Amino acid sequence: MSYNSHHSYSSTWGDSDKMSNLGAGLHSVDWSRTTLEHFEKNFYLEDKRVSARSEREIEEFRRSKEIKIQGRNVPRPVTSFSEAGFPEYLMASIRAQGFKEPTPIQCQAWPMALSGRDVIAIAQTGSGKTISFALPAMLHINAQPLLAPGDGPIALVLAPTRELAVQIQQECTKFGSNSRIRNTAIYGGAPKGPQIRDLQRGVEIVIATPGRLIDMLETGKTNLRRVTYLVMDEADRMLDMGFEPQIRRIVSQIRPDRQTLMFSATWPKDVQKLASDFLHDMIQCNVGSMDLTANHNIEQIIDVCSEFEKRNKLISHLEKISAENAKVLIFVATKRVADEITKYLRQDGWPALAIHGDKEQRERDWVLGEFKAGRSPILIATDVASRGLDVKDVGYVINYDFPNNCEDYVHRVGRTGRAGKKGTSFTYFTTENARSARELISILREAKSVVPPELEEMAMLGGGGGKGKSSQIGCPLSMDWSSRSIQQW
Ligand code: ADP
Ligand code: MG
């Protein structure tokens, strides 16, 4: 089988995250005619303390942590870091982080991932999903033969944005630095040279956005022959219209007996069906409700208003917040509005910067850095920042424009209230957004947040007809795909 391609992508700065016929140059692999060398994916040894528990104790633990499981032979959860059976080099990095105990998703997902199973893991924003897949990845890698020259990665993590890919990479570095596991992030908008050099030196973990990875595969800069551990972070996003064709091309290059894991905070019905194309005999865990819900550490405030009132409301909210020294993340619908609001705020003396898909990667990196460091505590963003980003001390999220769908709402507000901290979100909701009213109300009710009467009215007036509860298990209604933005951030 050959992975070399006939044509190459030439632009150094080409934005290969965009939709295109990327991957057309990839040879399809006939896996049925390929003899695959055996590899080990189950190296989980249940700790004696875990085995000693009664079935009732296990159920009680799951119930207390709101862990629900589905599938055949789901392993028991662990209740402490030491029960997970991580080697000392990982335990040392966990201690260095000062984490007291594993989060519920970590308790359940670690045994699932370590036993080599295909896994779907759904848990609230900010609940520690990254190391739920990253630490088992390291054990998986250490159980495989060393990389030979020319080998591609053993673990591949796919993520929807460049910033998230980099963040996951940093997390892998934090925990993998004590072992000799090398990693790199492969994403568009940045020069290819350093990424190619990393790939050619040999890396056990690649964290990638799909477009640039396909580019690297087509030009023969790496290959996926050694991949046996595949993760899709923000999996529902990776499988929606913007990414699905690219994901299929990438996955077709990976041996079918690999282990596949999918993580997200939201899991809409339509994606559930698609996901089953990539998983075998999968097991699933959900932390919290099976419906679409927001993290309960976030106080969700909905302000029903008109388009014209938004600017004044924004200023008065910022005035209130500014006394608190907290970071504020403001989401808008388009790049144009992002630039307009940024200009408007800066003219009014606010330390605001914007991040969106039309900005060069260098500027995106710089802006996010300023925001993380707190030098520029107000960030205006499109949905490019709605998924996965973990920035300390984001006290407030403002939805200046309501997103295209309620999943994105849950992810956006989830940039605050992370790792057990509290947060607040303000959402400006206009008649334009009426079709989301019903679903938003159920999210608010579930979190015991205030439902403004105007919002109820909108829901009753028929807005959002059948749109409610698209994430509910067994719900016959389908998502409105037309409302999903296709990578136009
Ligand atoms: P998610 O992917 O679920 O949104 P992240 O993996 O980004 O969440 O983690 C959110 C934050 O929680 C990060 O800052 C991470 O370092 C921290 N974190 C992860 N695990 C724990 C833990 N067991 N205890 C405390 N904090 C944790
Ligand atoms: Mg995450």
# chains A, B, ... in the order shown; residues from 1 in each chain; ligands from 1

$ residues_near_ligand --ligand "ligand 1" --cutoff "10 Å" --atoms "only C-alpha atoms and all ligand atoms" --output "MDAnalysis selection string"
chainID A and resid 80:81 94 97:107 122:134 164 167:168 171 174 233:234 263:265 387:392 411 414:421

$ residues_around --residues "Asp408 in chain A" --least-positions-apart "6" --cutoff "12 Å" --atoms "only C-alpha atoms" --output "MDAnalysis selection string"
chainID A and resid 125 234 236:237 264:268 292:294 331:333 382:388 399 401:402 414:415 436 440 483:485

$ closest_atom_pairs --of "range 237-281 of chain A" --to "range 151-158 of chain A" --cutoff "10 Å" --atoms "only C-alpha atoms" --output "Markdown table"
| residue | atom | partner | partner_atom | distance |
| --- | --- | --- | --- | --- |
| A:Met238 | CA | A:Leu158 | CA | 7.8 |
| A:Ile247 | CA | A:Leu158 | CA | 8.6 |
| A:Ile250 | CA | A:Leu158 | CA | 9.7 |
| A:Ile254 | CA | A:Leu156 | CA | 9.8 |
| A:Arg258 | CA | A:Ala155 | CA | 9.9 |
| A:Gln259 | CA | A:Ala155 | CA | 9.6 |
| A:Thr260 | CA | A:Leu156 | CA | 9.7 |
| A:Leu261 | CA | A:Val157 | CA | 9.3 |
| A:Met262 | CA | A:Leu158 | CA | 9.7 |

$ select_by_dssp --residues "range 424-468 of chain A" --states "strand (DSSP E or B)" --output "list in words"
Thr424, Ser425, Phe426, Thr427, Tyr428 and Phe429 of chain A

$ write_last_selection --atoms "N, CA, C and O atoms" --output "PDB file, in the first residue's frame"
ATOM      1  N   THR A 424     -20.431  33.072  35.264  1.00  0.00           N
ATOM      2  CA  THR A 424     -21.722  33.669  34.899  1.00  0.00           C
ATOM      3  C   THR A 424     -21.766  33.873  33.397  1.00  0.00           C
ATOM      4  O   THR A 424     -20.762  34.242  32.790  1.00  0.00           O
ATOM      5  N   SER A 425     -22.930  33.648  32.798  1.00  0.00           N
ATOM      6  CA  SER A 425     -23.087  33.991  31.384  1.00  0.00           C
ATOM      7  C   SER A 425     -24.276  34.928  31.199  1.00  0.00           C
ATOM      8  O   SER A 425     -25.301  34.782  31.866  1.00  0.00           O
ATOM      9  N   PHE A 426     -24.075  35.914  30.344  1.00  0.00           N
ATOM     10  CA  PHE A 426     -25.171  36.792  29.921  1.00  0.00           C
ATOM     11  C   PHE A 426     -25.444  36.483  28.451  1.00  0.00           C
ATOM     12  O   PHE A 426     -24.505  36.414  27.650  1.00  0.00           O
ATOM     13  N   THR A 427     -26.702  36.318  28.123  1.00  0.00           N
ATOM     14  CA  THR A 427     -27.041  35.992  26.739  1.00  0.00           C
ATOM     15  C   THR A 427     -28.104  36.951  26.236  1.00  0.00           C
ATOM     16  O   THR A 427     -29.166  37.073  26.847  1.00  0.00           O
ATOM     17  N   TYR A 428     -27.793  37.677  25.159  1.00  0.00           N
ATOM     18  CA  TYR A 428     -28.784  38.571  24.575  1.00  0.00           C
ATOM     19  C   TYR A 428     -29.599  37.769  23.575  1.00  0.00           C
ATOM     20  O   TYR A 428     -29.037  37.145  22.661  1.00  0.00           O
ATOM     21  N   PHE A 429     -30.891  37.763  23.777  1.00  0.00           N
ATOM     22  CA  PHE A 429     -31.763  36.895  22.980  1.00  0.00           C
ATOM     23  C   PHE A 429     -32.817  37.759  22.299  1.00  0.00           C
ATOM     24  O   PHE A 429     -33.558  38.471  22.959  1.00  0.00           O
TER      25      PHE A 429
END

$ select_by_dssp --residues "range 58-161 of chain A" --states "alpha helix (DSSP H)" --output "JSON, numbers by chain"
{"A": [58, 59, 60, 61, 62, 63, 64, 88, 89, 90, 91, 92, 93, 94, 95, 96, 97, 104, 105, 106, 107, 108, 109, 110, 111, 112, 113, 114, 129, 130, 131, 132, 133, 134, 135, 136, 137, 138, 139, 140, 141, 142]}

$ closest_residue --among "A:Tyr89, A:Trp31, A:Phe371, A:Trp110" --to "Cys285 in chain A" --atoms "only C-alpha atoms"
A:Trp110

$ residues_around --residues "Gly150 in chain A" --least-positions-apart "4" --cutoff "12 Å" --atoms "only C-alpha atoms" --output "list in words"
Tyr3, Leu146, Asp198, Leu199, Gln200, Arg201, Gly202, Val203, Glu204, Gly220, Lys221, Thr222, Asn223, Leu224, Arg225 and Arg226 of chain A

$ closest_residue --among "A:Ile181, A:Ala373, A:Leu213, A:Val287" --to "Ala143 in chain A" --atoms "only C-alpha atoms"
A:Ile181

$ atom_distance --atom1 "CA of Phe243 in chain A" --atom2 "CA of Tyr229 in chain A"
19.7 Å

$ closest_residue --among "A:Ser442, A:Val304, A:Gly71, A:Leu345" --to "Glu457 in chain A" --atoms "only C-alpha atoms"
A:Val304

$ closest_residue --among "A:Thr430, A:Ser322, A:Asn405, A:Ser28" --to "Lys310 in chain A" --atoms "only C-alpha atoms"
A:Thr430

$ atom_distance --atom1 "CA of Leu279 in chain A" --atom2 "CA of Ile120 in chain A"
8.9 Å

$ residues_around --residues "Ala92 in chain A" --least-positions-apart "4" --cutoff "9 Å" --atoms "only C-alpha atoms" --output "VMD selection string"
chain A and resid 87 to 88 96 to 97 175 178

$ atom_distance --atom1 "CA of Gln347 in chain A" --atom2 "CA of Pro403 in chain A"
26.0 Å

$ residues_around --residues "Glu324 in chain A" --least-positions-apart "6" --cutoff "12 Å" --atoms "only C-alpha atoms" --output "PyMOL selection string"
chain A and resi 317-318+377+393-396

$ closest_residue --among "A:Ile205, A:Leu147, A:Ala165, A:Val251" --to "ligand 2" --atoms "only C-alpha atoms and all ligand atoms"
A:Ala165

$ closest_residue --among "A:Leu135, A:Met232, A:Val450, A:Ile207" --to "Leu114 in chain A" --atoms "only C-alpha atoms"
A:Leu135
